[in-house]
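Engineer: Got entry.cif for you, mmCIF, C-alpha atoms:
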data_run
#
loop_
_atom_site.group_PDB
_atom_site.id
_atom_site.type_symbol
_atom_site.label_atom_id
_atom_site.label_comp_id
_atom_site.auth_asym_id
_atom_site.auth_seq_id
_atom_site.Cartn_x
_atom_site.Cartn_y
_atom_site.Cartn_z
ATOM 1 C CA MET H 35 0.000 0.000 0.000
ATOM 2 C CA THR H 36 1.088 3.563 -0.604
ATOM 3 C CA ALA H 37 1.792 6.046 2.186
ATOM 4 C CA VAL H 38 -1.637 7.645 1.824
ATOM 5 C CA ASN H 39 -3.313 4.256 2.073
ATOM 6 C CA GLN H 40 -1.321 3.443 5.190
ATOM 7 C CA GLN H 41 -2.691 6.633 6.775
ATOM 8 C CA LEU H 42 -6.276 5.664 5.916
ATOM 9 C CA LEU H 43 -5.985 2.023 6.946
ATOM 10 C CA PRO H 44 -6.383 2.584 10.729
ATOM 11 C CA VAL H 45 -9.572 4.601 10.173
ATOM 12 C CA VAL H 46 -11.069 1.954 7.899
ATOM 13 C CA THR H 47 -10.174 -0.952 10.194
ATOM 14 C CA ASP H 48 -11.468 0.934 13.247
ATOM 15 C CA VAL H 49 -14.824 1.583 11.565
ATOM 16 C CA ILE H 50 -15.143 -2.018 10.410
ATOM 17 C CA ALA H 51 -14.256 -3.394 13.840
ATOM 18 C CA GLY H 52 -16.795 -1.153 15.533
ATOM 19 C CA LEU H 53 -19.717 -1.893 13.221
ATOM 20 C CA LYS H 54 -19.248 -5.294 11.565
ATOM 21 C CA HIS H 55 -21.220 -7.155 14.235
ATOM 22 C CA LYS H 56 -24.384 -5.100 13.730
ATOM 23 C CA PRO H 57 -27.182 -6.532 11.584
ATOM 24 C CA GLY H 58 -27.039 -4.954 8.123
ATOM 25 C CA ALA H 59 -23.591 -3.552 8.871
ATOM 26 C CA LEU H 60 -22.575 -2.672 5.317
ATOM 27 C CA LEU H 61 -24.366 0.664 4.955
ATOM 28 C CA PRO H 62 -23.393 1.919 8.427
ATOM 29 C CA ILE H 63 -19.766 0.969 7.700
ATOM 30 C CA LEU H 64 -19.784 2.775 4.359
ATOM 31 C CA HIS H 65 -21.432 5.871 5.843
ATOM 32 C CA GLU H 66 -18.983 6.035 8.736
ATOM 33 C CA ILE H 67 -15.917 5.596 6.529
ATOM 34 C CA GLN H 68 -17.157 8.391 4.294
ATOM 35 C CA ASN H 69 -18.007 10.571 7.314
ATOM 36 C CA ARG H 70 -14.481 10.193 8.634
ATOM 37 C CA LEU H 71 -12.494 10.319 5.390
ATOM 38 C CA GLY H 72 -14.784 12.215 3.022
ATOM 39 C CA TYR H 73 -14.919 9.229 0.664
ATOM 40 C CA ILE H 74 -14.616 5.447 0.565
ATOM 41 C CA PRO H 75 -11.116 4.557 -0.607
ATOM 42 C CA PRO H 76 -11.212 1.813 -3.270
ATOM 43 C CA GLU H 77 -8.603 -0.186 -1.365
ATOM 44 C CA SER H 78 -11.013 -0.460 1.583
ATOM 45 C CA VAL H 79 -13.487 -2.528 -0.462
ATOM 46 C CA SER H 80 -11.555 -5.770 -0.005
ATOM 47 C CA LEU H 81 -11.216 -5.157 3.751
ATOM 48 C CA ILE H 82 -14.948 -4.562 4.088
ATOM 49 C CA ALA H 83 -15.799 -7.584 1.951
ATOM 50 C CA GLU H 84 -13.537 -9.886 3.924
ATOM 51 C CA SER H 85 -14.853 -8.643 7.265
ATOM 52 C CA LEU H 86 -18.488 -9.108 6.245
ATOM 53 C CA ASN H 87 -17.895 -12.361 4.343
ATOM 54 C CA GLN H 88 -19.174 -10.805 1.117
ATOM 55 C CA SER H 89 -17.640 -10.427 -2.319
ATOM 56 C CA ARG H 90 -15.798 -7.302 -3.430
ATOM 57 C CA ALA H 91 -18.350 -7.073 -6.239
ATOM 58 C CA ASP H 92 -21.182 -6.903 -3.685
ATOM 59 C CA ILE H 93 -19.478 -4.068 -1.805
ATOM 60 C CA HIS H 94 -18.580 -2.181 -4.976
ATOM 61 C CA GLY H 95 -22.145 -2.636 -6.249
ATOM 62 C CA VAL H 96 -23.579 -0.952 -3.162
ATOM 63 C CA ILE H 97 -21.053 1.902 -3.334
ATOM 64 C CA SER H 98 -21.782 2.545 -7.009
ATOM 65 C CA PHE H 99 -25.571 2.197 -6.594
ATOM 66 C CA TYR H 100 -25.932 4.987 -4.009
ATOM 67 C CA HIS H 101 -24.980 8.392 -5.415
ATOM 68 C CA GLN H 102 -24.023 9.810 -2.033
ATOM 69 C CA PHE H 103 -21.021 7.485 -1.748
ATOM 70 C CA ARG H 104 -17.766 8.745 -3.221
ATOM 71 C CA SER H 105 -14.796 6.611 -4.201
ATOM 72 C CA THR H 106 -12.510 9.597 -4.705
ATOM 73 C CA ALA H 107 -11.655 12.372 -2.297
ATOM 74 C CA PRO H 108 -13.976 15.387 -2.629
ATOM 75 C CA GLY H 109 -12.785 18.925 -3.155
ATOM 76 C CA ARG H 110 -12.201 21.299 -0.283
ATOM 77 C CA HIS H 111 -15.794 22.541 -0.647
ATOM 78 C CA THR H 112 -18.924 20.653 -1.667
ATOM 79 C CA VAL H 113 -21.642 22.500 -3.571
ATOM 80 C CA GLU H 114 -24.993 20.722 -3.853
ATOM 81 C CA VAL H 115 -27.762 21.912 -6.169
ATOM 82 C CA CYS H 116 -31.305 20.969 -5.158
ATOM 83 C CA ARG H 117 -33.140 19.062 -7.890
ATOM 84 C CA ALA H 118 -36.496 18.618 -6.103
ATOM 85 C CA GLU H 119 -39.705 19.694 -7.797
ATOM 86 C CA ALA H 120 -40.134 22.973 -5.929
ATOM 87 C CA CYS H 121 -36.638 24.101 -6.868
ATOM 88 C CA GLN H 122 -37.132 22.903 -10.453
ATOM 89 C CA SER H 123 -40.267 25.002 -10.745
ATOM 90 C CA MET H 124 -38.254 28.034 -9.646
ATOM 91 C CA GLY H 125 -35.338 27.582 -12.047
ATOM 92 C CA SER H 126 -32.967 24.996 -10.612
ATOM 93 C CA ARG H 127 -32.536 23.294 -14.018
ATOM 94 C CA GLN H 128 -31.070 26.515 -15.410
ATOM 95 C CA LEU H 129 -29.051 26.961 -12.228
ATOM 96 C CA GLU H 130 -27.587 23.458 -12.442
ATOM 97 C CA ALA H 131 -26.616 24.017 -16.102
ATOM 98 C CA HIS H 132 -24.957 27.288 -15.063
ATOM 99 C CA ALA H 133 -23.176 25.598 -12.145
ATOM 100 C CA LYS H 134 -21.801 22.845 -14.371
ATOM 101 C CA ALA H 135 -20.612 25.359 -16.962
ATOM 102 C CA THR H 136 -19.114 27.713 -14.388
ATOM 103 C CA LEU H 137 -17.242 24.973 -12.543
ATOM 104 C CA GLY H 138 -16.392 22.986 -15.661
ATOM 105 C CA VAL H 139 -17.566 19.713 -14.092
ATOM 106 C CA ASP H 140 -20.623 17.497 -14.085
ATOM 107 C CA TYR H 141 -22.283 16.146 -10.955
ATOM 108 C CA HIS H 142 -19.896 14.123 -8.798
ATOM 109 C CA GLY H 143 -16.990 15.972 -10.380
ATOM 110 C CA THR H 144 -14.309 18.073 -8.742
ATOM 111 C CA THR H 145 -12.696 21.174 -10.203
ATOM 112 C CA SER H 146 -9.163 20.768 -11.494
ATOM 113 C CA ASP H 147 -7.783 22.761 -8.551
ATOM 114 C CA GLN H 148 -9.439 20.257 -6.155
ATOM 115 C CA ASN H 149 -11.319 23.133 -4.515
ATOM 116 C CA ILE H 150 -15.003 22.427 -5.345
ATOM 117 C CA THR H 151 -17.001 19.221 -5.812
ATOM 118 C CA LEU H 152 -20.437 19.553 -7.442
ATOM 119 C CA GLU H 153 -23.200 17.253 -6.202
ATOM 120 C CA GLU H 154 -26.937 16.903 -6.670
ATOM 121 C CA VAL H 155 -29.395 16.668 -3.821
ATOM 122 C CA TYR H 156 -33.103 15.933 -3.979
ATOM 123 C CA CYS H 157 -34.425 18.217 -1.274
ATOM 124 C CA LEU H 158 -32.853 20.663 1.126
ATOM 125 C CA GLY H 159 -36.128 21.486 2.876
ATOM 126 C CA ASN H 160 -35.863 25.098 1.789
ATOM 127 C CA CYS H 161 -38.703 25.000 -0.745
ATOM 128 C CA ALA H 162 -40.084 28.457 0.073
ATOM 129 C CA CYS H 163 -36.739 29.968 -0.959
ATOM 130 C CA SER H 164 -36.204 28.006 -4.182
ATOM 131 C CA PRO H 165 -33.935 27.398 -5.936
ATOM 132 C CA SER H 166 -31.563 26.383 -3.175
ATOM 133 C CA ILE H 167 -28.031 25.095 -2.892
ATOM 134 C CA ARG H 168 -25.914 23.870 -0.006
ATOM 135 C CA ILE H 169 -22.286 24.876 0.275
ATOM 136 C CA ASN H 170 -20.578 22.564 2.729
ATOM 137 C CA ASP H 171 -23.156 22.697 5.565
ATOM 138 C CA GLU H 172 -24.785 26.046 4.741
ATOM 139 C CA ILE H 173 -28.060 26.199 2.813
ATOM 140 C CA VAL H 174 -28.507 29.231 0.561
ATOM 141 C CA GLY H 175 -31.861 30.112 -0.973
ATOM 142 C CA ARG H 176 -33.100 32.124 -3.940
ATOM 143 C CA VAL H 177 -29.924 31.394 -5.844
ATOM 144 C CA THR H 178 -29.686 33.044 -9.242
ATOM 145 C CA PRO H 179 -26.791 32.421 -11.631
ATOM 146 C CA GLU H 180 -25.341 35.770 -10.528
ATOM 147 C CA LYS H 181 -25.637 34.873 -6.843
ATOM 148 C CA PHE H 182 -24.085 31.472 -7.581
ATOM 149 C CA ASP H 183 -21.107 33.180 -9.228
ATOM 150 C CA GLN H 184 -20.646 35.450 -6.207
ATOM 151 C CA LEU H 185 -20.725 32.474 -3.840
ATOM 152 C CA ILE H 186 -18.245 30.518 -5.955
ATOM 153 C CA ASP H 187 -15.941 33.541 -6.230
ATOM 154 C CA GLY H 188 -15.993 33.694 -2.435
ATOM 155 C CA LEU H 189 -14.968 30.040 -2.192
ATOM 156 C CA ARG H 190 -12.231 30.462 -4.742
ATOM 157 C CA SER H 191 -10.802 33.504 -2.996
ATOM 158 C CA GLN H 192 -10.394 31.719 0.339
ATOM 159 C CA LYS H 193 -6.778 30.915 1.043
ATOM 160 C CA LEU H 194 -5.965 27.249 0.837
ATOM 161 C CA GLU H 195 -4.726 25.712 4.056
ATOM 162 C CA VAL H 196 -1.192 24.373 3.951
ATOM 163 C CA ASN H 197 -0.643 21.169 5.897
#
Could I get this file's structure written as structure tokens?

Structural biologist:
Amino acid sequence: MTAVNQQLLPVVTDVIAGLKHKPGALLPILHEIQNRLGYIPPESVSLIAESLNQSRADIHGVISFYHQFRSTAPGRHTVEVCRAEACQSMGSRQLEAHAKATLGVDYHGTTSDQNITLEEVYCLGNCACSPSIRINDEIVGRVTPEKFDQLIDGLRSQKLEVN
């Protein structure tokens, strides 16, 4: 394993050890790994499969079936565009096209500078202020293409942290 994988291994094994004995443990394990790491590293699939006595294909199938699971690290910021009916009726289809064009990525993609990952979400519970987006953990309503650009410019202007 590479150095990065060696750093992730203790997190993955800790999650598996803590949850593998629960009934229906696969989804809780996947959620917890992603909560801790931001994604599910592909090299963790075999560890999960072995621990749960399932095939790697079974584990991979679940990861690829659910859109919320990522197999690559997300960008520094996650921008989610609401695609629910209320937001669609207020212009979210145009907003999502603008977001994709502005960022130069499709859903589940990350900008080339690794700063922003674009995701879809099917309701943010902010219907009265449609269309809505969520940036990291903050919900923003009544988002126009111009407002989206301002928000993205703000994300891009933040200084990157140096580790």

Engineer: What are the centre and the three edge lengths of an axis-aligned box that wraps all atoms of stretch 111-119 of chain H in the file, given that 3 Å is added to every side, written as lines of an AutoDock Vina configuration file and rounded to one decimal in Å?

Structural biologist:
center_x = -27.7
center_y = 20.6
center_z = -4.3
size_x = 29.9
size_y = 9.9
size_z = 13.2

Engineer: Could you spell out the hits of the PyMOL selection byres ((chain H and resi 70) around 12) on the shown file, as a list in words?

Structural biologist: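 Evaluating the PyMOL selection byres ((chain H and resi 70) around 12) on these coordinates yields Leu42, Leu43, Pro44, Val45, Val46, Asp48, Val49, Ile63, Leu64, His65, Glu66, Ile67, Gln68, Asn69, Leu71, Gly72, Tyr73, Ile74, Pro75 and Ala107 of chain H.
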
Engineer: Just checking: using only C-alpha atoms, which residue out of H:Ile82, H:Ala162, H:Ile186, H:Val177 ends up closest to H:Leu129?

Structural biologist: H:Val177

Engineer: For H:Val115, please output as a short mmCIF file (atom, residue, chain, number, x, y, z; two decimals) with C-alpha atoms, keeping the file's coordinate frame all residues within 12 Å (counting all atoms listed in the file; exclusion window: fewer than 5 positions along the same chain).

Structural biologist:
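Once written, around.cif looks like this:
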data_model
loop_
_atom_site.label_atom_id
_atom_site.label_comp_id
_atom_site.auth_asym_id
_atom_site.auth_seq_id
_atom_site.Cartn_x
_atom_site.Cartn_y
_atom_site.Cartn_z
CA CYS H 121 -36.64 24.10 -6.87
CA GLN H 122 -37.13 22.90 -10.45
CA GLY H 125 -35.34 27.58 -12.05
CA SER H 126 -32.97 25.00 -10.61
CA ARG H 127 -32.54 23.29 -14.02
CA GLN H 128 -31.07 26.52 -15.41
CA LEU H 129 -29.05 26.96 -12.23
CA GLU H 130 -27.59 23.46 -12.44
CA ALA H 131 -26.62 24.02 -16.10
CA HIS H 132 -24.96 27.29 -15.06
CA ALA H 133 -23.18 25.60 -12.14
CA LYS H 134 -21.80 22.84 -14.37
CA ASP H 140 -20.62 17.50 -14.08
CA TYR H 141 -22.28 16.15 -10.96
CA HIS H 142 -19.90 14.12 -8.80
CA THR H 151 -17.00 19.22 -5.81
CA LEU H 152 -20.44 19.55 -7.44
CA GLU H 153 -23.20 17.25 -6.20
CA GLU H 154 -26.94 16.90 -6.67
CA VAL H 155 -29.40 16.67 -3.82
CA TYR H 156 -33.10 15.93 -3.98
CA CYS H 157 -34.42 18.22 -1.27
CA LEU H 158 -32.85 20.66 1.13
CA ASN H 160 -35.86 25.10 1.79
CA SER H 164 -36.20 28.01 -4.18
CA PRO H 165 -33.94 27.40 -5.94
CA SER H 166 -31.56 26.38 -3.18
CA ILE H 167 -28.03 25.10 -2.89
CA ARG H 168 -25.91 23.87 -0.01
CA ILE H 169 -22.29 24.88 0.28
CA ASN H 170 -20.58 22.56 2.73
CA ILE H 173 -28.06 26.20 2.81
CA VAL H 174 -28.51 29.23 0.56
CA GLY H 175 -31.86 30.11 -0.97
CA ARG H 176 -33.10 32.12 -3.94
CA VAL H 177 -29.92 31.39 -5.84
CA THR H 178 -29.69 33.04 -9.24
CA PRO H 179 -26.79 32.42 -11.63
CA PHE H 182 -24.08 31.47 -7.58
#

Engineer: As a check of understanding, name the residues that the PyMOL selection byres ((chain H and resi 147) around 12) selects in the supplied structure, as a list in words.

Structural biologist: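 That expression, the PyMOL selection byres ((chain H and resi 147) around 12), corresponds here to Pro108, Gly109, Arg110, His111, Leu137, Gly138, Val139, Gly143, Thr144, Thr145, Ser146, Gln148, Asn149, Ile150, Thr151, Arg190 and Leu194 of chain H.
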
Engineer: Please indicate the distance in Å from atom CA of H:Cys163 to atom CA of H:Met124, rounded to one decimal place.

Structural biologist: 9.0 Å

Engineer: In Å to one decimal, how far is atom CA of H:Val113 from atom CA of H:His94?

Structural biologist: 24.9 Å

Engineer: Quick one, how far is atom CA of H:Leu61 from atom CA of H:Glu119?

Structural biologist: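 Atom CA of H:Glu119 lies 27.6 Å from atom CA of H:Leu61.
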